[in-house]
Amino acid sequence: MEEEARNFINVWLTVLACVCYCYFVSSKLPPGRLRLFSLLPVFSLFAALPLRLSTVLPTGVTAFFVTWLASFKLLLFSFDRGPLSSVPGSHPDPSKSLFLFILFACFPVKIRQAQDYPSPQTPKLPLNFPSKLLLCGVSILVHDHRDKLLLQAHSKLVLLLYSCMLYLFVDMIMGLSNAAARAVLGVELQMPSDEPYLSTSLQDFWGRRWNLTVTDALRHTVYRPLKSFLEPRLGAAWPAAAAAVMAAFLVSGLMHELLYYYMVRARPTWEVTGFFVLQGACVVAEVVAKGAAGGEVEAEQIGGNATDGGVRGGDRYVAVLPAADQEWGGREGH
C-alpha cells in the first residue's frame, strides 16, 4: 500500500509538471499544428501514467481525470478552444493564472454558462453528499454480502445494485471536485449530473441527465467539429448531425474500453464499445421516430440532446462491473 501511495503521488507530480509545461511553453506557441505538436509528449505521458498504478480506484480516477478529460481539454487548447483558452470577457480566465490552468486542466470542473443545460433548479429528489455517502456505503455492504442475501440468483437486482453504486460513486467524485473548485473560485459551476434516475428516454438520459462534464468534452472535441466538416459535404444538416452523434458514441465507447483496461488489465472484449455504438444508433432512431411522429427532425435536436449525451461517460460500466469486480479480486490476491 505504501508503494502504491508513492506511485500515486509521483503520477500526479508528473501530471502537474506536464500542465506547467503546457502553461509556460505550449501556450506561447501559435494555435494549430505547432502547438499540437508540442503537446504530443504530454498526450503520450497521460496515456501511460495510469499503468504505473495497480489498484482500481486510484487508477480509474487518474485515467478519467487525466487520460480522458485533461487530454481532451488540451486537444482543444492546441487550437485555442475549450476551457483552458482565453475567452474575451470570461471570468476567471485560466490562461492568465497557472493555478486556474492547473485546476481546469486536471479536474472535471466547468464554469456554468448561461446557455448550459440544465438551468439551476431545486432537485425533485434532493440528495446531499452525506446521504449519497450513506447510500453508497449501504450499497457496498449489500454487495459484499450478496451471497448471504441470495442476490446472486437475481441478476437484474445485481445489475441495479451496480447501477446505484456507479451513479453514487461518480456523482460523489465529481461533486467533491465541484465543491472544492466552487469554494476556491466563488463562481457557479456546471452540475456534474441532473438526477439521471428521472430520465424518461434514452435521449433524455444521455443528452440531459448523466455525466454532463464528459458530455461537454465530447461535444466540443468530436460532435461539433465532425458535424461542421460533414454538413457542407452531405448537403444536409441532420445526416451530418446523426453521423457526428454516432462518432461521439464510438469515441465514448473506446475511451470506456481504455478506462476498463487500465483498471483490470484484461484484454479488451469490445463489448463496451459495441454497447455505446448501439446506444448511439438507438438515440438517433429515437430522435428520428419523434420527428416522424411530430414533424421535421431538426439537426440540433439530434446533436444538442443526443450527442450531448452521446458522450455520457461513466454509465455503462454497469455492463462490465461484474467482470471488473472479479478481475479486481484476482489482482488484489497477487
# chains A, B, ... in the order shown; residues from 1 in each chain; ligands from 1
>>> residues_around(residues="Pro83 of chain A", least_positions_apart="4", cutoff="12 Å", atoms="only C-alpha atoms", output="NGL selection string")
:A and (69-70 or 72-79 or 87 or 90-95 or 100-113 or 213 or 216-217 or 220-221)
>>> write_last_selection(atoms="C-alpha atoms", output="compact mmCIF listing (two decimals), in the first residue's frame")
# COMPACT_ATOMS: atom_id res chain seq x y z
CA LEU A 69 -10.69 14.74 -19.67
CA ALA A 70 -7.34 16.55 -19.40
CA PHE A 72 -9.40 16.31 -24.45
CA LYS A 73 -9.10 19.78 -22.89
CA LEU A 74 -5.50 20.08 -24.07
CA LEU A 75 -6.53 18.93 -27.54
CA LEU A 76 -8.98 21.84 -27.67
CA PHE A 77 -6.33 24.12 -26.16
CA SER A 78 -3.96 23.30 -29.02
CA PHE A 79 -6.43 25.07 -31.34
CA VAL A 87 -12.23 33.88 -23.99
CA SER A 90 -14.53 35.24 -19.30
CA HIS A 91 -14.04 35.22 -15.56
CA PRO A 92 -11.98 33.66 -14.17
CA ASP A 93 -9.55 33.25 -17.09
CA PRO A 94 -7.38 30.08 -16.81
CA SER A 95 -4.96 31.36 -19.45
CA LEU A 100 -6.53 28.20 -12.56
CA PHE A 101 -4.93 26.50 -15.56
CA ILE A 102 -3.98 23.51 -13.37
CA LEU A 103 -7.42 23.46 -11.72
CA PHE A 104 -9.36 23.44 -15.00
CA ALA A 105 -6.96 21.05 -16.74
CA CYS A 106 -6.72 18.38 -14.04
CA PHE A 107 -10.21 18.31 -12.57
CA PRO A 108 -13.69 17.78 -14.07
CA VAL A 109 -14.98 21.29 -13.46
CA LYS A 110 -16.51 23.82 -15.84
CA ILE A 111 -17.85 27.29 -15.17
CA ARG A 112 -21.54 27.30 -15.96
CA GLN A 113 -22.53 29.42 -18.95
CA THR A 213 -18.77 17.13 -17.86
CA ASP A 216 -19.38 18.76 -22.82
CA ALA A 217 -15.88 17.46 -23.64
CA HIS A 220 -16.60 20.11 -28.44
CA THR A 221 -13.93 17.59 -29.45
>>> closest_atom_pairs(of="segment 232-266 of chain A", to="segment 276-283 of chain A", cutoff="6 Å", atoms="only C-alpha atoms", output="Markdown table")
| residue | atom | partner | partner_atom | distance |
| --- | --- | --- | --- | --- |
| A:Met246 | CA | A:Gly280 | CA | 5.2 |
| A:Phe249 | CA | A:Phe276 | CA | 5.4 |
| A:Leu250 | CA | A:Val277 | CA | 5.5 |
| A:Gly253 | CA | A:Phe276 | CA | 5.2 |
>>> write_last_selection(atoms="C-alpha atoms", output="PDB file, in the first residue's frame")
ATOM      1  CA  MET A 246     -22.545   8.076 -33.805  1.00  0.00           C
ATOM      2  CA  PHE A 249     -20.769   7.452 -29.015  1.00  0.00           C
ATOM      3  CA  LEU A 250     -17.962   5.497 -30.685  1.00  0.00           C
ATOM      4  CA  GLY A 253     -17.087   3.599 -26.076  1.00  0.00           C
TER       5      GLY A 253
END
>>> atom_distance(atom1="atom CA of Leu189 of chain A", atom2="atom CA of Val251 of chain A")
25.3 Å
>>> atom_distance(atom1="atom CA of Val288 of chain A", atom2="atom CA of Glu257 of chain A")
28.3 Å
>>> select_by_dssp(residues="segment 15-192 of chain A", states="alpha helix (DSSP H)", output="ChimeraX atom specification")
/A:15-24,33-48,56-62,71-77,98-106,129-144,155-185
>>> residues_around(residues="Glu231 of chain A", least_positions_apart="4", cutoff="12 Å", atoms="only C-alpha atoms", output="number ranges by chain")
A: 223-227, 235-244, 299
>>> write_last_selection(atoms="N, CA and C atoms", output="PDB file, in the first residue's frame")
ATOM      1  N   TYR A 223     -18.286  15.935 -31.650  1.00  0.00           N
ATOM      2  CA  TYR A 223     -19.550  16.208 -32.334  1.00  0.00           C
ATOM      3  C   TYR A 223     -19.497  17.453 -33.220  1.00  0.00           C
ATOM      4  N   ARG A 224     -19.167  18.585 -32.624  1.00  0.00           N
ATOM      5  CA  ARG A 224     -19.236  19.832 -33.394  1.00  0.00           C
ATOM      6  C   ARG A 224     -18.224  19.886 -34.548  1.00  0.00           C
ATOM      7  N   PRO A 225     -16.954  19.510 -34.319  1.00  0.00           N
ATOM      8  CA  PRO A 225     -16.016  19.527 -35.459  1.00  0.00           C
ATOM      9  C   PRO A 225     -16.439  18.609 -36.598  1.00  0.00           C
ATOM     10  N   LEU A 226     -16.894  17.394 -36.261  1.00  0.00           N
ATOM     11  CA  LEU A 226     -17.277  16.458 -37.309  1.00  0.00           C
ATOM     12  C   LEU A 226     -18.540  16.922 -38.020  1.00  0.00           C
ATOM     13  N   LYS A 227     -19.491  17.458 -37.287  1.00  0.00           N
ATOM     14  CA  LYS A 227     -20.723  17.958 -37.909  1.00  0.00           C
ATOM     15  C   LYS A 227     -20.407  19.111 -38.861  1.00  0.00           C
ATOM     16  N   GLY A 235     -24.585  18.018 -47.682  1.00  0.00           N
ATOM     17  CA  GLY A 235     -25.627  18.885 -48.208  1.00  0.00           C
ATOM     18  C   GLY A 235     -26.872  18.971 -47.357  1.00  0.00           C
ATOM     19  N   ALA A 236     -26.836  18.405 -46.149  1.00  0.00           N
ATOM     20  CA  ALA A 236     -27.997  18.466 -45.250  1.00  0.00           C
ATOM     21  C   ALA A 236     -27.496  18.424 -43.813  1.00  0.00           C
ATOM     22  N   ALA A 237     -28.253  19.049 -42.922  1.00  0.00           N
ATOM     23  CA  ALA A 237     -27.800  19.183 -41.537  1.00  0.00           C
ATOM     24  C   ALA A 237     -27.997  17.909 -40.732  1.00  0.00           C
ATOM     25  N   TRP A 238     -29.185  17.277 -40.870  1.00  0.00           N
ATOM     26  CA  TRP A 238     -29.469  16.181 -39.936  1.00  0.00           C
ATOM     27  C   TRP A 238     -28.657  14.920 -40.206  1.00  0.00           C
ATOM     28  N   PRO A 239     -28.316  14.544 -41.482  1.00  0.00           N
ATOM     29  CA  PRO A 239     -27.433  13.386 -41.644  1.00  0.00           C
ATOM     30  C   PRO A 239     -26.051  13.629 -41.049  1.00  0.00           C
ATOM     31  N   ALA A 240     -25.562  14.879 -41.185  1.00  0.00           N
ATOM     32  CA  ALA A 240     -24.267  15.212 -40.587  1.00  0.00           C
ATOM     33  C   ALA A 240     -24.338  15.119 -39.066  1.00  0.00           C
ATOM     34  N   ALA A 241     -25.448  15.598 -38.494  1.00  0.00           N
ATOM     35  CA  ALA A 241     -25.613  15.530 -37.039  1.00  0.00           C
ATOM     36  C   ALA A 241     -25.706  14.083 -36.569  1.00  0.00           C
ATOM     37  N   ALA A 242     -26.443  13.255 -37.316  1.00  0.00           N
ATOM     38  CA  ALA A 242     -26.577  11.842 -36.934  1.00  0.00           C
ATOM     39  C   ALA A 242     -25.227  11.126 -36.985  1.00  0.00           C
ATOM     40  N   ALA A 243     -24.436  11.395 -38.033  1.00  0.00           N
ATOM     41  CA  ALA A 243     -23.108  10.783 -38.135  1.00  0.00           C
ATOM     42  C   ALA A 243     -22.204  11.260 -37.001  1.00  0.00           C
ATOM     43  N   ALA A 244     -22.311  12.544 -36.647  1.00  0.00           N
ATOM     44  CA  ALA A 244     -21.499  13.082 -35.564  1.00  0.00           C
ATOM     45  C   ALA A 244     -21.902  12.481 -34.220  1.00  0.00           C
ATOM     46  N   ALA A 299     -31.631  19.282 -36.901  1.00  0.00           N
ATOM     47  CA  ALA A 299     -30.277  18.759 -36.692  1.00  0.00           C
ATOM     48  C   ALA A 299     -29.858  18.900 -35.243  1.00  0.00           C
TER      49      ALA A 299
END
>>> closest_residue(among="A:Ala292, A:Met263, A:Leu13, A:Val187", to="Pro50 of chain A", atoms="only C-alpha atoms")
A:Met263
>>> atom_distance(atom1="atom CA of Lys28 of chain A", atom2="atom CA of Val15 of chain A")
19.4 Å
>>> residues_around(residues="Asp194 of chain A", least_positions_apart="2", cutoff="8 Å", atoms="only C-alpha atoms", output="list in words")
Pro118, Met191, Pro192, Pro196, Arg208, Arg209 and Trp210 of chain A
>>> write_last_selection(atoms="C-alpha atoms", output="short mmCIF file (atom, residue, chain, number, x, y, z; two decimals), in the first residue's frame")
data_model
loop_
_atom_site.label_atom_id
_atom_site.label_comp_id
_atom_site.auth_asym_id
_atom_site.auth_seq_id
_atom_site.Cartn_x
_atom_site.Cartn_y
_atom_site.Cartn_z
CA PRO A 118 -29.64 22.21 -17.05
CA MET A 191 -23.72 20.41 -12.41
CA PRO A 192 -21.97 17.02 -12.71
CA PRO A 196 -30.37 10.63 -14.15
CA ARG A 208 -29.58 15.90 -20.43
CA ARG A 209 -29.00 13.88 -17.30
CA TRP A 210 -25.82 11.83 -16.97
#
>>> closest_residue(among="A:Ser139, A:Asp80, A:Asp171, A:Leu16", to="Leu159 of chain A", atoms="only C-alpha atoms")
A:Ser139
>>> closest_residue(among="A:Ile9, A:Leu98, A:Thr67, A:Leu218", to="Tyr21 of chain A", atoms="only C-alpha atoms")
A:Leu98
>>> closest_residue(among="A:Thr273, A:Gln190, A:Ser252, A:Thr55", to="Trp206 of chain A", atoms="only C-alpha atoms")
A:Ser252
